[in-house]
Amino acid sequence: MIKDIRNLTTVILVLISIHTTTAQDYWSKITNRPSVLELESGLSTHKTGALRLKLVKSSQTIAALSPGTDPDFDFTPGNRLAVRDKDSLYHLGDINLRVREPGGEWKTYSTASKRAPVQVLEVSGNILAAADLSNTLPDDIPLSVKRYYKTENGNLVMHFKITNTTGTEVEMGGLGIPMVFNNILEGKSLDEAHAQNVFSDPYIGQDAGYLEVKRLHGNGPDLLVVPGENMPFEAYRPLLDDPTPRSIVFEGFHEWMAHSLAYAENEWKGAKQWNKPTSEILQPGESRDYSLKFILADAIREIPDVLAQQNRPVAVGIPGYVLPLDVRGQLFLRYKEEVDTFTVEPEGALQIEPEGITSEGIRKYAVYGEKWGRTRLTVRYKNGLEQTIHYKIIKPESEVVRDFGHFLMTEQWFDRENDPFRRNPSVISYDYETKKQVAEDSRAWIAGLSDEGGAGSWLGAVMKQLVQPDKEELKKLQRFVDETLWGTIQHSDGPQKYGVKKSVFYYEPEQMPEGTYSKDIDYSTWAAWDKKGADDVGRSYNYPHVAAAYWVMYRLARYHTGLVDNREWDWYLKNAYHTVIAMTEQAPYYAQFGQMEGTVFLRILEDLKRENYTDMAETLEAKMKERTEHWHTLNYPFGSEMPWDSTGQEEVYAWSDYFGFDEKALVTLNAILAYMPVIPHWAYNGNARRYWDFLYGGKLSRVERQIHHYGSGLNAIPVLARYRKKPEDLHLLKVGYGGLLGAISNITRDGFGPAAFHSFPSALKIDGLSGDYGSGFFGYAVNTATYITKDDELGWLSFGGNMTKKEDRITVEPTTGAKNRIYIAPEKMWLTLDAGTFKKVSYDGQTGQVEVILNPKDEFTPVAYLRVEGEKKKLPYKKVRGAYAVKLKNKEVRIAL
């Protein structure tokens, strides 16, 4: 199976080929440009505490930055220095300025634009190197800029002294230092990328801000960039003018901005910035210092302690920074200085109340959301330092889920009579900006109900039913299954039975009626598949969507009464099974990789076993073990369709853990933790890195870091699964819950689920297309749960529920969308309901006694099916398929565990 490469001509290989060719063309153009760094003059080497620094002698920009414990590793793209030694290519050590004199226009200056050897300055004491940068700046700049590299308390410091050299005041409305680290994956294998490359995650938090630079394999040491003098992390600007080719193998560089007013007034006008844009006015002859520090953390989990040791404020939000309106959150501030004031913008959007101080001096606060939307909390400390913490206030989760389902089943419900592509009825892609369904797109899959970008909407609609079943919505979805999914998207007979097409929309103008295709859409691109291309069943990534739909319908038919009545429950389960098997047989090449939503294959296997479908279970397990044993032979078995990807890890972890390949499961987990940070900012906290899918599933199509693309929800699955095995590791819970709530953070007030949120400061808004969001909601639907834990310093914590404490007894009311899963960390007890919902759970920390209260029955749920992992005693209920069958009543039911 693994060696079958019949499907190498599928779309993604075309994409990679196109991007590779384009990137190579750009690299060739760069290589052929004149070299300006005078590398023949050599490099200077300096030891700075835990770091090793190399500087280009002619420019004094950084040629390499390495940990002393691993001098062969370089955080910067030093291996490309001989290619990137050209004008306008940024290096660590450059500076960008945008300034104006009174009444004048903003002018932009950069040390990278036109290189010339800098004037070396004499050094002494703790200064390692210094230079006047005038030679590499235009003659008309009204400022002088000097740069110093020095050590402070064993740390490397990059220091700029900027002086007004004119007789009038000068306003600096843009000041940025390019953060040029080695995230260029072009030409790298998976092994090479994980060994040699890094990704950077920003905490755009003003004086408390920092940049995490982490190795792809998730093991340290990691680099932290923190503010020195006058260097708040105000904005994070993409350096789109750097000609290093951006593509699926290079996200691009960004710069740390201390002042950004000039950009906010121009390129970013109309976009709501993370922080208030500022400028600085220098009087004639006045100087101002700006600096950044570079420090090492031995491991990702040690970053908060390292920051605290460096006297940086550390914030911890529970359950994170996506805060539902009905949740009582907590905020912990760890800093030597007392808090002076809190400021909330918009005013009244957030309430914060003090709750005391821990034994180690950490200040505790209760936090409540009051108004829907983005909220900035500014903490001003007694010493004048300002920290911004960024929240997204959302509706209660149950309302978010309800609104999402309603929008999908009304605004996105497609039932156009005589649709030539047989897409009716279905839930189709949607353009939120035009408020129209997307029945045509030059990318065939967007309108074609398959691929992530086309299946996303109907997948989201089906997964919503797993969280919050609705009889009327299910009536429509049953029609979708009978009339569109089975027989149109998926072959229902013939030699390709159970095969899933890449798209049911295609471009064949000669074969279709006049007027089928709009003349306003450019169908000349490779993405406008003809019928043969659209009918291809060789893309394995299309199969999990279909399998998930069948699995959800099976669960609803099996564990509820009257919700699903078009077919028997076993038809759905068997179709789910056959879809998975068809993936391995009809799409074998890509089936060797981890699949997005591949978690559902494990859920299907578990249900086959519960139903005693032994033959099917054994066949499915054997197929999955063959794939997993292949992964076991690879160092990093989750490349998916791309040279590097952030989605294959979800399924690789699930099966590696299931079959006992613990080492591979840990490798996979560490890779996830490398690109899912814990940061006091809702947009980046738990945000799985992805930067190319706006090209394939978005309306604003460009290479750009995506905020809570579907990777956040999917990768939260293995992280939280690991936490339930290792509940002493609170970092896992913070990461996983950040991704879990991040998965629903972008849903609008009226229920539209966008592909992702745009991170560029020129946008900072959701994308206009629904795109591939359904895969992210899958992650939420199968993973949403309430967690109760106790931290030695922070005390009792609740994620996904409101907690009250009376002596040693903790009581939590779940606030999740499903209210059907609860994990009690001190007991390693995992409570799940196949049907029914929890109203409350109480736990006695002294005796270990657990009591749950179930909500009353409803029309479709007369029986609750309770599973208890970590139970201490058997309950007095009959077991059905391994779950306790609890007959519900018209009132609450109490169960003592």
# chains A, B, ... in the order shown; residues from 1 in each chain; ligands from 1
>>> residues_around(residues="region 795-807 of chain A", least_positions_apart="2", cutoff="7 Å", atoms="only C-alpha atoms", output="mmCIF file with all heavy atoms, in the first residue's frame")
data_model
loop_
_atom_site.group_PDB
_atom_site.id
_atom_site.type_symbol
_atom_site.label_atom_id
_atom_site.label_comp_id
_atom_site.auth_asym_id
_atom_site.auth_seq_id
_atom_site.Cartn_x
_atom_site.Cartn_y
_atom_site.Cartn_z
ATOM 1 N N ILE A 318 -6.761 31.631 32.859
ATOM 2 C CA ILE A 318 -7.514 30.382 32.930
ATOM 3 C C ILE A 318 -8.960 30.690 32.574
ATOM 4 O O ILE A 318 -9.535 31.601 33.160
ATOM 5 C CB ILE A 318 -7.451 29.762 34.349
ATOM 6 C CG1 ILE A 318 -5.994 29.591 34.808
ATOM 7 C CG2 ILE A 318 -8.216 28.433 34.399
ATOM 8 C CD1 ILE A 318 -5.173 28.633 33.986
ATOM 9 N N PRO A 319 -9.571 30.013 31.616
ATOM 10 C CA PRO A 319 -9.084 28.871 30.847
ATOM 11 C C PRO A 319 -8.197 29.255 29.671
ATOM 12 O O PRO A 319 -7.818 28.408 28.880
ATOM 13 C CB PRO A 319 -10.374 28.237 30.349
ATOM 14 C CG PRO A 319 -11.300 29.399 30.145
ATOM 15 C CD PRO A 319 -10.986 30.335 31.279
ATOM 16 N N VAL A 327 -18.535 32.504 31.598
ATOM 17 C CA VAL A 327 -17.439 31.852 32.313
ATOM 18 C C VAL A 327 -16.757 32.838 33.257
ATOM 19 O O VAL A 327 -16.449 33.977 32.886
ATOM 20 C CB VAL A 327 -16.405 31.267 31.334
ATOM 21 C CG1 VAL A 327 -15.120 30.867 32.054
ATOM 22 C CG2 VAL A 327 -16.986 30.069 30.603
ATOM 23 N N ARG A 328 -16.503 32.363 34.457
ATOM 24 C CA ARG A 328 -15.745 33.136 35.440
ATOM 25 C C ARG A 328 -14.291 32.728 35.289
ATOM 26 O O ARG A 328 -13.861 31.684 35.767
ATOM 27 C CB ARG A 328 -16.255 32.819 36.844
ATOM 28 C CG ARG A 328 -15.553 33.526 37.970
ATOM 29 C CD ARG A 328 -16.197 33.089 39.305
ATOM 30 N NE ARG A 328 -15.532 33.705 40.433
ATOM 31 C CZ ARG A 328 -14.456 33.208 41.040
ATOM 32 N NH1 ARG A 328 -13.910 32.102 40.589
ATOM 33 N NH2 ARG A 328 -13.928 33.814 42.094
ATOM 34 N N ALA A 785 -14.485 19.574 26.483
ATOM 35 C CA ALA A 785 -14.619 18.909 27.775
ATOM 36 C C ALA A 785 -14.326 19.899 28.889
ATOM 37 O O ALA A 785 -13.718 20.951 28.674
ATOM 38 C CB ALA A 785 -13.670 17.711 27.876
ATOM 39 N N THR A 786 -14.741 19.532 30.091
ATOM 40 C CA THR A 786 -14.451 20.291 31.297
ATOM 41 C C THR A 786 -13.308 19.611 32.042
ATOM 42 O O THR A 786 -13.314 18.386 32.208
ATOM 43 C CB THR A 786 -15.696 20.354 32.206
ATOM 44 O OG1 THR A 786 -16.755 21.006 31.503
ATOM 45 C CG2 THR A 786 -15.400 21.110 33.487
ATOM 46 N N TYR A 787 -12.326 20.410 32.476
ATOM 47 C CA TYR A 787 -11.177 19.874 33.202
ATOM 48 C C TYR A 787 -11.096 20.519 34.583
ATOM 49 O O TYR A 787 -11.211 21.740 34.716
ATOM 50 C CB TYR A 787 -9.884 20.135 32.432
ATOM 51 C CG TYR A 787 -9.758 19.303 31.184
ATOM 52 C CD1 TYR A 787 -10.371 19.691 29.987
ATOM 53 C CD2 TYR A 787 -9.046 18.103 31.190
ATOM 54 C CE1 TYR A 787 -10.271 18.910 28.840
ATOM 55 C CE2 TYR A 787 -8.936 17.326 30.044
ATOM 56 C CZ TYR A 787 -9.550 17.731 28.877
ATOM 57 O OH TYR A 787 -9.450 16.951 27.756
ATOM 58 N N ILE A 788 -10.882 19.680 35.582
ATOM 59 C CA ILE A 788 -10.735 20.145 36.959
ATOM 60 C C ILE A 788 -9.368 19.680 37.445
ATOM 61 O O ILE A 788 -9.050 18.486 37.394
ATOM 62 C CB ILE A 788 -11.833 19.565 37.866
ATOM 63 C CG1 ILE A 788 -13.220 19.936 37.330
ATOM 64 C CG2 ILE A 788 -11.666 20.048 39.302
ATOM 65 C CD1 ILE A 788 -14.353 19.154 37.975
ATOM 66 N N THR A 789 -8.551 20.623 37.894
ATOM 67 C CA THR A 789 -7.206 20.264 38.318
ATOM 68 C C THR A 789 -6.779 21.157 39.472
ATOM 69 O O THR A 789 -7.425 22.165 39.774
ATOM 70 C CB THR A 789 -6.214 20.387 37.151
ATOM 71 O OG1 THR A 789 -4.960 19.833 37.517
ATOM 72 C CG2 THR A 789 -6.022 21.841 36.738
ATOM 73 N N LYS A 790 -5.678 20.763 40.114
ATOM 74 C CA LYS A 790 -5.125 21.569 41.201
ATOM 75 C C LYS A 790 -3.640 21.752 40.960
ATOM 76 O O LYS A 790 -2.899 20.788 40.783
ATOM 77 C CB LYS A 790 -5.354 20.898 42.549
ATOM 78 C CG LYS A 790 -4.944 21.782 43.723
ATOM 79 C CD LYS A 790 -5.241 21.128 45.059
ATOM 80 C CE LYS A 790 -4.905 22.087 46.217
ATOM 81 N NZ LYS A 790 -5.167 21.471 47.539
ATOM 82 N N ASP A 791 -3.214 23.017 40.939
ATOM 83 C CA ASP A 791 -1.814 23.360 40.775
ATOM 84 C C ASP A 791 -1.223 23.713 42.138
ATOM 85 O O ASP A 791 -1.898 24.339 42.968
ATOM 86 C CB ASP A 791 -1.674 24.550 39.815
ATOM 87 C CG ASP A 791 -0.242 24.956 39.596
ATOM 88 O OD1 ASP A 791 0.462 24.248 38.842
ATOM 89 O OD2 ASP A 791 0.177 25.968 40.185
ATOM 90 N N ASP A 792 0.010 23.303 42.363
ATOM 91 C CA ASP A 792 0.621 23.520 43.676
ATOM 92 C C ASP A 792 0.636 24.990 44.066
ATOM 93 O O ASP A 792 0.485 25.326 45.245
ATOM 94 C CB ASP A 792 2.055 22.974 43.675
ATOM 95 C CG ASP A 792 2.100 21.452 43.622
ATOM 96 O OD1 ASP A 792 1.067 20.826 43.929
ATOM 97 O OD2 ASP A 792 3.154 20.904 43.245
ATOM 98 N N GLU A 793 0.815 25.869 43.104
ATOM 99 C CA GLU A 793 0.891 27.287 43.410
ATOM 100 C C GLU A 793 -0.409 28.027 43.128
ATOM 101 O O GLU A 793 -0.852 28.863 43.925
ATOM 102 C CB GLU A 793 2.028 27.939 42.614
ATOM 103 C CG GLU A 793 2.174 29.439 42.821
ATOM 104 C CD GLU A 793 2.475 29.818 44.266
ATOM 105 O OE1 GLU A 793 2.926 28.943 45.042
ATOM 106 O OE2 GLU A 793 2.280 30.983 44.629
ATOM 107 N N ARG A 809 -14.446 20.543 49.279
ATOM 108 C CA ARG A 809 -15.307 20.085 48.187
ATOM 109 C C ARG A 809 -15.347 21.118 47.065
ATOM 110 O O ARG A 809 -15.639 22.291 47.286
ATOM 111 C CB ARG A 809 -16.718 19.792 48.686
ATOM 112 C CG ARG A 809 -17.667 19.301 47.584
ATOM 113 C CD ARG A 809 -18.935 18.700 48.149
ATOM 114 N NE ARG A 809 -18.653 17.416 48.782
ATOM 115 C CZ ARG A 809 -18.596 16.254 48.137
ATOM 116 N NH1 ARG A 809 -18.805 16.225 46.833
ATOM 117 N NH2 ARG A 809 -18.336 15.145 48.775
ATOM 118 N N ILE A 810 -15.042 20.637 45.863
ATOM 119 C CA ILE A 810 -15.069 21.462 44.666
ATOM 120 C C ILE A 810 -16.301 21.098 43.851
ATOM 121 O O ILE A 810 -16.564 19.913 43.596
ATOM 122 C CB ILE A 810 -13.806 21.214 43.808
ATOM 123 C CG1 ILE A 810 -12.546 21.447 44.625
ATOM 124 C CG2 ILE A 810 -13.820 22.102 42.563
ATOM 125 C CD1 ILE A 810 -12.395 22.835 45.168
ATOM 126 N N THR A 811 -17.064 22.102 43.451
ATOM 127 C CA THR A 811 -18.234 21.873 42.598
ATOM 128 C C THR A 811 -18.070 22.677 41.316
ATOM 129 O O THR A 811 -17.726 23.868 41.371
ATOM 130 C CB THR A 811 -19.543 22.276 43.302
ATOM 131 O OG1 THR A 811 -19.679 21.512 44.510
ATOM 132 C CG2 THR A 811 -20.743 22.016 42.408
ATOM 133 N N VAL A 812 -18.293 22.010 40.186
ATOM 134 C CA VAL A 812 -18.124 22.661 38.892
ATOM 135 C C VAL A 812 -19.368 22.458 38.044
ATOM 136 O O VAL A 812 -19.885 21.334 37.932
ATOM 137 C CB VAL A 812 -16.894 22.102 38.148
ATOM 138 C CG1 VAL A 812 -16.795 22.699 36.743
ATOM 139 C CG2 VAL A 812 -15.613 22.397 38.929
ATOM 140 N N GLU A 813 -19.845 23.543 37.460
ATOM 141 C CA GLU A 813 -20.933 23.479 36.486
ATOM 142 C C GLU A 813 -20.329 23.643 35.097
ATOM 143 O O GLU A 813 -19.755 24.688 34.793
ATOM 144 C CB GLU A 813 -21.965 24.585 36.736
ATOM 145 C CG GLU A 813 -22.716 24.437 38.037
ATOM 146 C CD GLU A 813 -23.885 25.400 38.136
ATOM 147 O OE1 GLU A 813 -24.546 25.637 37.095
ATOM 148 O OE2 GLU A 813 -24.128 25.929 39.231
ATOM 149 N N PRO A 814 -20.424 22.621 34.246
ATOM 150 C CA PRO A 814 -19.829 22.705 32.910
ATOM 151 C C PRO A 814 -20.424 23.850 32.094
ATOM 152 O O PRO A 814 -21.626 24.124 32.168
ATOM 153 C CB PRO A 814 -20.159 21.348 32.287
ATOM 154 C CG PRO A 814 -20.396 20.441 33.452
ATOM 155 C CD PRO A 814 -21.020 21.304 34.506
ATOM 156 N N THR A 815 -19.572 24.495 31.308
ATOM 157 C CA THR A 815 -20.029 25.579 30.435
ATOM 158 C C THR A 815 -19.701 25.281 28.968
ATOM 159 O O THR A 815 -19.824 26.158 28.120
ATOM 160 C CB THR A 815 -19.340 26.903 30.828
ATOM 161 O OG1 THR A 815 -17.917 26.730 30.788
ATOM 162 C CG2 THR A 815 -19.761 27.349 32.213
ATOM 163 N N THR A 816 -19.286 24.056 28.680
ATOM 164 C CA THR A 816 -18.918 23.709 27.314
ATOM 165 C C THR A 816 -20.166 23.591 26.437
ATOM 166 O O THR A 816 -21.290 23.536 26.940
ATOM 167 C CB THR A 816 -18.154 22.380 27.281
ATOM 168 O OG1 THR A 816 -19.013 21.333 27.751
ATOM 169 C CG2 THR A 816 -16.914 22.441 28.152
#
>>> select_by_dssp(residues="region 173-254 of chain A", states="strand (DSSP E)", output="PyMOL selection string")
chain A and resi 173-179+198-203+210-215+222-227+235-238+254
>>> closest_residue(among="A:Asn230, A:Arg237, A:Lys146, A:Leu888", to="Pro178 (chain A)", atoms="only C-alpha atoms")
A:Arg237
>>> closest_residue(among="A:Leu695, A:Arg479, A:Leu769, A:Ala781", to="Val600 (chain A)", atoms="only C-alpha atoms")
A:Ala781
>>> closest_residue(among="A:Phe593, A:Tyr675, A:Trp526, A:Tyr696", to="Trp655 (chain A)", atoms="only C-alpha atoms")
A:Phe593
